[in-house]
Amino acid sequence: MHDLSARGTESFVERSKGTVIVTTLASDSHTWNLVFLQVLIEECGYDVVNLGPCVPDELLVSECRDRNPEMIVISSVNGHGYQDGMRVIGQLRDAAPLAATPIVIGGKLGTDGGEGASRTHELMAAGFDAVFEDGQDPIAAFHAFLATLPSEPRRQAVEAADHARVSA
Amino acid sequence: MSELTAVREGRPAGPAPVDFGEFVRREGGNGRLVVQPRMGFGDPGRMRTGLVATKAADAATVGTLTLDSYTRVGNLEAVETALRDGIDLNGYPVVSHPAETTAAVLDGVRDQTFPVQVRHGSATPIDIFRAMMRLNLNATEGGPVSYCLPYGRTPLADAIRNWEDCCDLYVRMQDVGIEPHLETFGGCMLGQLCPPSQLVAISFLEAMFFAQRGLRSISMSYAQQTDPVQDREAVTALRRLSAEMLPVANWHVVIYAYMGVYPETDHGAYGLLASAARLAVTTGAERLIVKTAAEARRIPTIAENVQALEYASDTALRTGRGRDDTFTDSPTYQEARALVEAVLNLDDDLGRALLKAFRHGYLDVPYCVHPDNAGRARSYIDSGGRLRWADTGKLPIAGIAERGPSRKIGSADLMNDLFHVRCKFDAGPRELDPASPELIRGRAAVGSRPKEYTA
């Protein structure tokens with residue numbers, strides 16, 4: 001799982017806002033959606049770990065748990081996103097450090113091509129923080145969601161707080 | 001003796017099937033084109049109907065058995081569950097259906113005038129090869145790189161070993177008088193945005209890999225990209241490299257109609273398919289894999305597939321000229337040749353050479369996120385529509401590659417490039433060729449077809 005933008009790290013002068021994991025689900029072999037999201041999220045100041053296509057549930061959970069990212073972005077376009085997403089969200093929330101991590105899902109989440117209002121509701125109720133269905137300007141909505149996140153990585157914020165306590 | 005009876009009784013199924021490569025070389029090339037769908041259905045009856053319709057199409061055709069995605073990743077339990085519960089699969093599960101069932105699907109359809117190719121996409125294909133060989137199915141496609149990097153998580157070293165084992169098994173068909181055929185999928189890496197020189201190099205290197213494992217009937221793929229001139233350079237380069245260096249005589253080139261984001265309008269989809277057909281005939285490519293007008297929205301029906309086959313074939317015949325040698329020496333050839341030579345110099349064994357090539361970044365597929373891809377190379381579409389390197393990473397083409405100044409590709413640039421071809425053809429003239437509407441409508445309106453075509 002390597003960083004797509006080897007050059008990006010050299011040219012970025014601003015401090016990273018932390019790591020975001022971009023991933024799809026076990027049955028989905030599409031990657032252009034993941035590549036696009038990686039570039040987009042990097043532009044917003046984050047480091048991205050892209051897990052690539054066909055990510056088995058266990059790998060998804062272990063990578064997310066071990067890396068403890070600022071956010072987890074799940075993209076699926078093969079029509080099984082709802083089904084697969086409902087299956088993994090509980091496993092992710094149960095992993096110790098991920099209980100409150102922003103986890104979002106988007107793409108073509110069902111095979112019906114419909115707007116999926118009830119799907120969105122169920123996914124949110126199951127533990128997702130946001131759902132971006134294709135056909136509802138998901139990129140703009142996702143951008144708006146990103147803007148609501150804190151501008152500093154949690155870990156750095158914690159370190160800064162610790163530092164402040166020590167020096168106080 | 002029917003194949004069905006023979007398979008049921010455990011005997012070889014009839015006379016040796018025709019060599020796919022020899023058939024295509026006879027029926028295609030020199031201004032003619034063999035056309036092929038990507039069709040695959042889970043239900044045996046529907047699969048047979050699709051093959052029958054392909055065979056009956058008014059064009060020189062070969063048949064396709066495209067396998068489902070569970071079989072592709074080796075999840076045979078999921079296939080069993082789907083078959084038991086009546087859930088629709090997105091392809092034909094050749095490993096799971098009994099051999100008798102598949103023999104019945106092929107019985108009387110596959111013959112000396114209609115060879116059938118199995119298409120899958122697996123980096124772990126040994127079960128698929130075994131199932132094919134039980135049925136005397138002697139044409140398939142893939143490759144150690146092209147069926148590994150783009151879609152899955154199998155390490156490249158494992159995929160190479162798997163494909164070596166499969167080739168070693170597959171060539172045993174030669175011992176019983178059957179010629180096995182293999183097509184490289186390397187000309188299609190990621191579907192879009194891989195500069196043509198590298199597509200040519202990977203497709204050619206996979207052909208060399210097959211030849212080294214004993215295959216004598218080989219085809220090389222190339223997927224249509226963004227610019228017709230650059231595509232002609234690429235196919236001409238692929239043919240020239242093969243003529244110069246491939247140690248087998250029985251080879252041909254197969255063009256894939258665009259594999260990236262496809263036009264949404266009918267005129268856009270047909271315009272793009274016509275462009276692919278013209279690319280094939282003007283470069284002397286013998287075979288074309290079509291896409292349908294439904295492609296952007298859903299899995300196409302059998303009738304839509306037949307329509308696309310006939311339209312592509314007619315377009316090719318109407319082009320009215322065969323291969324020309326305008327592009328024999330081109331920047332695309334120079335780049336492809338440099339890549340090929342650098343890889344061949346890494347190791348005498350093609351499998352090891354390919355593995356080292358990716359480790360060194362001598363091959364590096366832009367935007368491919370597989371852990372074994374170096375991931376430094378980047379590409380973009382220039383203002384003239386040509387696919388270029390934005391960054392060549394460690395590719396051994398310094399001083400040869402066509403490139404402008406290094407540039408950073410942002411998300412908006414990437415989005416534009418991914419949708420470039422769709423936008424161009426959807427916005428393009430509604431009637432690229434005055435004959436197109438008549439051809440499209442003419443075929444669609446044919447009422448004398450057997451009813452089973454309308455599935």
# chains A, B, ... in the order shown; residues from 1 in each chain; ligands from 1
call {"tool": "select_by_dssp", "arguments": {"residues": "region 215-418 of chain B", "states": "strand (DSSP E)", "output": "ChimeraX atom specification"}}
result
/B:217-223,250-256,287-289,378-381,387-391
call {"tool": "write_last_selection", "arguments": {"atoms": "C-alpha atoms", "output": "PDB file, in the first residue's frame"}}
result
ATOM      1  CA  SER B 217      -0.473 -19.457 -31.045  1.00  0.00           C
ATOM      2  CA  ILE B 218      -0.534 -16.001 -29.462  1.00  0.00           C
ATOM      3  CA  SER B 219      -2.362 -12.692 -29.816  1.00  0.00           C
ATOM      4  CA  MET B 220      -1.415  -9.278 -28.458  1.00  0.00           C
ATOM      5  CA  SER B 221      -4.053  -6.841 -27.240  1.00  0.00           C
ATOM      6  CA  TYR B 222      -4.129  -3.077 -27.516  1.00  0.00           C
ATOM      7  CA  ALA B 223      -6.959  -0.942 -26.121  1.00  0.00           C
ATOM      8  CA  ASN B 250       1.280 -17.626 -35.546  1.00  0.00           C
ATOM      9  CA  TRP B 251       0.429 -14.276 -33.911  1.00  0.00           C
ATOM     10  CA  HIS B 252      -2.160 -11.571 -34.432  1.00  0.00           C
ATOM     11  CA  VAL B 253      -3.274  -8.295 -32.870  1.00  0.00           C
ATOM     12  CA  VAL B 254      -6.616  -7.683 -31.170  1.00  0.00           C
ATOM     13  CA  ILE B 255      -7.966  -4.167 -30.640  1.00  0.00           C
ATOM     14  CA  TYR B 256     -10.273  -3.393 -27.722  1.00  0.00           C
ATOM     15  CA  ARG B 287      -9.643  -8.900 -34.417  1.00  0.00           C
ATOM     16  CA  LEU B 288     -11.756  -6.351 -32.534  1.00  0.00           C
ATOM     17  CA  ILE B 289     -13.497  -6.654 -29.163  1.00  0.00           C
ATOM     18  CA  ARG B 378       2.048   9.935 -14.102  1.00  0.00           C
ATOM     19  CA  SER B 379       0.173  10.687 -17.313  1.00  0.00           C
ATOM     20  CA  TYR B 380      -2.171  13.313 -18.744  1.00  0.00           C
ATOM     21  CA  ILE B 381      -4.000  14.180 -21.943  1.00  0.00           C
ATOM     22  CA  LEU B 387      -1.798  10.825 -23.982  1.00  0.00           C
ATOM     23  CA  ARG B 388       1.527  11.927 -22.499  1.00  0.00           C
ATOM     24  CA  TRP B 389       3.797  11.398 -19.508  1.00  0.00           C
ATOM     25  CA  ALA B 390       3.457  13.964 -16.747  1.00  0.00           C
ATOM     26  CA  ASP B 391       6.247  12.161 -14.910  1.00  0.00           C
TER      27      ASP B 391
END
call {"tool": "residues_around", "arguments": {"residues": "Asp28 (chain A)", "least_positions_apart": "2", "cutoff": "12 Å", "atoms": "only C-alpha atoms", "output": "mmCIF file with C-alpha atoms, in the first residue's frame"}}
result
data_model
loop_
_atom_site.group_PDB
_atom_site.id
_atom_site.type_symbol
_atom_site.label_atom_id
_atom_site.label_comp_id
_atom_site.auth_asym_id
_atom_site.auth_seq_id
_atom_site.Cartn_x
_atom_site.Cartn_y
_atom_site.Cartn_z
ATOM 1 C CA THR A 23 -10.599 2.143 0.502
ATOM 2 C CA THR A 24 -13.223 0.092 -1.240
ATOM 3 C CA LEU A 25 -14.880 -3.150 -0.145
ATOM 4 C CA ALA A 26 -14.194 -6.844 -0.667
ATOM 5 C CA HIS A 30 -12.654 -0.625 -9.371
ATOM 6 C CA THR A 31 -9.770 1.722 -8.643
ATOM 7 C CA TRP A 32 -10.212 5.011 -10.560
ATOM 8 C CA ASN A 33 -12.683 6.210 -7.919
ATOM 9 C CA LEU A 34 -10.053 5.521 -5.245
ATOM 10 C CA GLY A 52 -6.624 -0.364 -3.375
ATOM 11 C CA PRO A 53 -9.276 -2.690 -4.847
ATOM 12 C CA CYS A 54 -10.988 -5.790 -3.354
ATOM 13 C CA VAL A 55 -10.134 -5.128 0.315
ATOM 14 C CA PRO A 56 -11.155 -8.072 2.511
ATOM 15 C CA ASP A 57 -13.045 -7.118 5.687
ATOM 16 C CA ILE A 74 -15.052 4.082 1.671
ATOM 17 C CA SER A 75 -15.925 4.249 -2.025
ATOM 18 C CA SER A 76 -17.827 1.543 -3.883
ATOM 19 C CA VAL A 77 -19.216 1.591 -7.416
ATOM 20 C CA ASN A 78 -20.130 -2.025 -8.178
ATOM 21 C CA GLY A 79 -23.614 -1.871 -6.660
ATOM 22 C CA HIS A 80 -22.794 -3.913 -3.531
ATOM 23 C CA GLY A 81 -21.741 -0.913 -1.411
ATOM 24 C CA GLN A 83 -24.674 -4.593 1.528
ATOM 25 C CA ASP A 84 -20.891 -4.658 2.081
ATOM 26 C CA GLY A 85 -20.936 -1.338 3.963
ATOM 27 C CA GLY A 107 -20.416 5.920 -4.811
ATOM 28 C CA LYS A 108 -22.989 3.694 -6.513
ATOM 29 C CA LEU A 109 -24.192 1.900 -3.416
ATOM 30 C CA SER B 69 -16.245 -12.245 -10.833
ATOM 31 C CA TYR B 70 -16.515 -14.863 -8.043
ATOM 32 C CA VAL B 73 -11.152 -14.399 -7.553
ATOM 33 C CA TYR B 151 -7.688 -5.387 -10.142
ATOM 34 C CA GLY B 152 -6.541 -7.355 -7.188
ATOM 35 C CA ARG B 153 -4.254 -7.898 -4.257
#
call {"tool": "select_by_dssp", "arguments": {"residues": "region 83-160 of chain A", "states": "alpha helix (DSSP H)", "output": "ChimeraX atom specification"}}
result
/A:83-94,117-126,138-147,154-160
call {"tool": "write_last_selection", "arguments": {"atoms": "N, CA and C atoms", "output": "short mmCIF file (atom, residue, chain, number, x, y, z; two decimals), in the first residue's frame"}}
result
data_model
loop_
_atom_site.label_atom_id
_atom_site.label_comp_id
_atom_site.auth_asym_id
_atom_site.auth_seq_id
_atom_site.Cartn_x
_atom_site.Cartn_y
_atom_site.Cartn_z
N GLN A 83 -24.80 -3.27 0.91
CA GLN A 83 -24.67 -4.59 1.53
C GLN A 83 -23.33 -4.75 2.25
N ASP A 84 -22.24 -4.48 1.51
CA ASP A 84 -20.89 -4.66 2.08
C ASP A 84 -20.63 -3.62 3.18
N GLY A 85 -21.13 -2.41 2.98
CA GLY A 85 -20.94 -1.34 3.96
C GLY A 85 -21.63 -1.64 5.28
N MET A 86 -22.87 -2.16 5.19
CA MET A 86 -23.61 -2.53 6.41
C MET A 86 -22.85 -3.60 7.18
N ARG A 87 -22.17 -4.48 6.42
CA ARG A 87 -21.45 -5.59 7.07
C ARG A 87 -20.21 -5.09 7.82
N VAL A 88 -19.47 -4.13 7.24
CA VAL A 88 -18.18 -3.75 7.84
C VAL A 88 -18.28 -2.65 8.89
N ILE A 89 -19.33 -1.83 8.85
CA ILE A 89 -19.32 -0.66 9.74
C ILE A 89 -19.30 -1.06 11.21
N GLY A 90 -20.03 -2.12 11.56
CA GLY A 90 -20.03 -2.57 12.95
C GLY A 90 -18.65 -3.05 13.38
N GLN A 91 -17.98 -3.79 12.47
CA GLN A 91 -16.63 -4.29 12.77
C GLN A 91 -15.67 -3.12 12.98
N LEU A 92 -15.81 -2.07 12.17
CA LEU A 92 -14.93 -0.91 12.31
C LEU A 92 -15.20 -0.20 13.63
N ARG A 93 -16.46 0.02 13.95
CA ARG A 93 -16.80 0.75 15.18
C ARG A 93 -16.36 -0.03 16.42
N ASP A 94 -16.37 -1.37 16.31
CA ASP A 94 -15.97 -2.20 17.44
C ASP A 94 -14.47 -2.19 17.69
N ALA A 117 -32.64 7.01 -0.62
CA ALA A 117 -32.87 7.76 0.62
C ALA A 117 -32.93 6.82 1.82
N SER A 118 -33.58 5.66 1.66
CA SER A 118 -33.69 4.74 2.81
C SER A 118 -32.34 4.09 3.07
N ARG A 119 -31.58 3.85 1.98
CA ARG A 119 -30.23 3.30 2.15
C ARG A 119 -29.39 4.25 2.99
N THR A 120 -29.42 5.53 2.65
CA THR A 120 -28.64 6.53 3.37
C THR A 120 -29.00 6.50 4.85
N HIS A 121 -30.30 6.47 5.13
CA HIS A 121 -30.77 6.47 6.51
C HIS A 121 -30.24 5.25 7.26
N GLU A 122 -30.34 4.09 6.63
CA GLU A 122 -29.89 2.85 7.29
C GLU A 122 -28.39 2.85 7.52
N LEU A 123 -27.64 3.34 6.54
CA LEU A 123 -26.18 3.37 6.68
C LEU A 123 -25.78 4.32 7.82
N MET A 124 -26.45 5.47 7.90
CA MET A 124 -26.16 6.43 8.97
C MET A 124 -26.51 5.81 10.33
N ALA A 125 -27.67 5.15 10.37
CA ALA A 125 -28.10 4.53 11.63
C ALA A 125 -27.13 3.44 12.06
N ALA A 126 -26.51 2.78 11.08
CA ALA A 126 -25.59 1.69 11.40
C ALA A 126 -24.22 2.20 11.85
N PRO A 138 -21.96 14.22 -5.32
CA PRO A 138 -21.26 13.70 -4.14
C PRO A 138 -19.93 14.39 -3.88
N ILE A 139 -19.27 14.87 -4.94
CA ILE A 139 -17.94 15.47 -4.73
C ILE A 139 -18.06 16.78 -3.94
N ALA A 140 -19.03 17.60 -4.34
CA ALA A 140 -19.24 18.87 -3.63
C ALA A 140 -19.64 18.60 -2.18
N ALA A 141 -20.53 17.62 -2.00
CA ALA A 141 -20.99 17.29 -0.64
C ALA A 141 -19.83 16.78 0.21
N PHE A 142 -18.97 15.97 -0.42
CA PHE A 142 -17.82 15.41 0.30
C PHE A 142 -16.86 16.54 0.69
N HIS A 143 -16.63 17.46 -0.26
CA HIS A 143 -15.78 18.62 0.01
C HIS A 143 -16.30 19.41 1.21
N ALA A 144 -17.59 19.61 1.23
CA ALA A 144 -18.20 20.36 2.33
C ALA A 144 -18.00 19.61 3.65
N PHE A 145 -18.12 18.28 3.61
CA PHE A 145 -17.91 17.47 4.81
C PHE A 145 -16.47 17.61 5.31
N LEU A 146 -15.51 17.56 4.35
CA LEU A 146 -14.09 17.67 4.71
C LEU A 146 -13.84 18.98 5.45
N ALA A 147 -14.52 20.04 5.00
CA ALA A 147 -14.29 21.36 5.59
C ALA A 147 -14.74 21.43 7.05
N ARG A 154 -5.53 14.83 15.15
CA ARG A 154 -5.86 14.60 16.55
C ARG A 154 -4.62 14.32 17.38
N ARG A 155 -3.73 13.46 16.81
CA ARG A 155 -2.57 13.07 17.60
C ARG A 155 -1.69 14.28 17.93
N GLN A 156 -1.51 15.13 16.91
CA GLN A 156 -0.70 16.33 17.15
C GLN A 156 -1.39 17.23 18.18
N ALA A 157 -2.71 17.29 18.06
CA ALA A 157 -3.45 18.13 19.00
C ALA A 157 -3.26 17.60 20.42
N VAL A 158 -3.30 16.28 20.56
CA VAL A 158 -3.11 15.67 21.87
C VAL A 158 -1.70 15.95 22.38
N GLU A 159 -0.71 15.76 21.46
CA GLU A 159 0.68 16.03 21.85
C GLU A 159 0.84 17.49 22.30
N ALA A 160 0.23 18.39 21.53
CA ALA A 160 0.33 19.81 21.86
C ALA A 160 -0.28 20.06 23.24
#
call {"tool": "interface_residues", "arguments": {"of": "chain B", "to": "chain A", "cutoff": "8 Å", "atoms": "only C-alpha atoms", "output": "PyMOL selection string"}}
result
chain B and resi 150-153+367-371+375-376+410-411+414-415
call {"tool": "write_last_selection", "arguments": {"atoms": "C-alpha atoms", "output": "JSON list (two decimals), in the first residue's frame"}}
result
[["chain", "number", "residue", "atom", "x", "y", "z"],
["B", 150, "PRO", "CA", -5.00, -3.54, -12.04],
["B", 151, "TYR", "CA", -7.69, -5.39, -10.14],
["B", 152, "GLY", "CA", -6.54, -7.36, -7.19],
["B", 153, "ARG", "CA", -4.25, -7.90, -4.26],
["B", 367, "TYR", "CA", -2.24, 5.59, -11.10],
["B", 368, "CYS", "CA", -2.05, 1.84, -10.45],
["B", 369, "VAL", "CA", -2.28, 1.38, -6.66],
["B", 370, "HIS", "CA", -1.01, -2.21, -6.50],
["B", 371, "PRO", "CA", 1.81, -2.49, -3.92],
["B", 375, "GLY", "CA", 3.69, 4.37, -8.54],
["B", 376, "ARG", "CA", 5.94, 7.25, -9.62],
["B", 410, "GLY", "CA", -4.69, 17.76, -9.58],
["B", 411, "SER", "CA", -8.05, 16.17, -8.92],
["B", 414, "LEU", "CA", -7.64, 13.90, -13.39],
["B", 415, "MET", "CA", -11.44, 14.12, -13.56]]
call {"tool": "atom_distance", "arguments": {"atom1": "CA of Phe210 (chain B)", "atom2": "CA of Leu350 (chain B)"}}
result
9.0 Å
call {"tool": "closest_residue", "arguments": {"among": "B:Thr66, B:Thr265, B:Asn416, B:Gln230", "to": "Gly50 (chain B)", "atoms": "only C-alpha atoms"}}
result
B:Thr66
call {"tool": "atom_distance", "arguments": {"atom1": "CA of Pro153 (chain A)", "atom2": "CA of Asp129 (chain A)"}}
result
18.2 Å
call {"tool": "residues_around", "arguments": {"residues": "Pro97 (chain A)", "least_positions_apart": "3", "cutoff": "9 Å", "atoms": "only C-alpha atoms", "output": "JSON, numbers by chain"}}
result
{"A": [64, 65, 66, 68, 93, 94, 100, 101]}
call {"tool": "residues_around", "arguments": {"residues": "Ile21 (chain A)", "least_positions_apart": "3", "cutoff": "7 Å", "atoms": "only C-alpha atoms", "output": "PDB file with N, CA and C atoms, in the first residue's frame"}}
result
ATOM      1  N   VAL A  48      -2.600  10.383   2.443  1.00  0.00           N
ATOM      2  CA  VAL A  48      -3.595   9.356   2.142  1.00  0.00           C
ATOM      3  C   VAL A  48      -2.938   7.991   2.063  1.00  0.00           C
ATOM      4  N   VAL A  49      -3.537   7.017   2.714  1.00  0.00           N
ATOM      5  CA  VAL A  49      -3.166   5.617   2.506  1.00  0.00           C
ATOM      6  C   VAL A  49      -4.298   4.997   1.692  1.00  0.00           C
ATOM      7  N   ASN A  50      -3.963   4.541   0.489  1.00  0.00           N
ATOM      8  CA  ASN A  50      -4.970   3.990  -0.424  1.00  0.00           C
ATOM      9  C   ASN A  50      -4.876   2.468  -0.379  1.00  0.00           C
ATOM     10  N   PRO A  69      -6.529   6.441  11.622  1.00  0.00           N
ATOM     11  CA  PRO A  69      -6.504   7.647  10.782  1.00  0.00           C
ATOM     12  C   PRO A  69      -7.453   8.743  11.276  1.00  0.00           C
ATOM     13  N   MET A  71      -9.662   9.984   9.352  1.00  0.00           N
ATOM     14  CA  MET A  71     -10.949   9.701   8.715  1.00  0.00           C
ATOM     15  C   MET A  71     -10.800   8.460   7.833  1.00  0.00           C
ATOM     16  N   ILE A  72     -11.905   7.731   7.644  1.00  0.00           N
ATOM     17  CA  ILE A  72     -11.924   6.571   6.748  1.00  0.00           C
ATOM     18  C   ILE A  72     -12.944   6.868   5.643  1.00  0.00           C
ATOM     19  N   VAL A  73     -12.488   6.798   4.388  1.00  0.00           N
ATOM     20  CA  VAL A  73     -13.355   7.097   3.242  1.00  0.00           C
ATOM     21  C   VAL A  73     -13.534   5.826   2.427  1.00  0.00           C
TER      22      VAL A  73
END
call {"tool": "residues_around", "arguments": {"residues": "Met245 (chain B)", "least_positions_apart": "6", "cutoff": "12 Å", "atoms": "only C-alpha atoms", "output": "PyMOL selection string"}}
result
chain B and resi 204-205+207-208+211+237-239+251+337+340-341+344
call {"tool": "atom_distance", "arguments": {"atom1": "CA of Gly29 (chain B)", "atom2": "CA of Thr283 (chain B)"}}
result
8.8 Å
call {"tool": "residues_around", "arguments": {"residues": "Phe425 (chain B)", "least_positions_apart": "3", "cutoff": "9 Å", "atoms": "only C-alpha atoms", "output": "NGL selection string"}}
result
:B and (262-265 or 267-272 or 420-422 or 428-430)
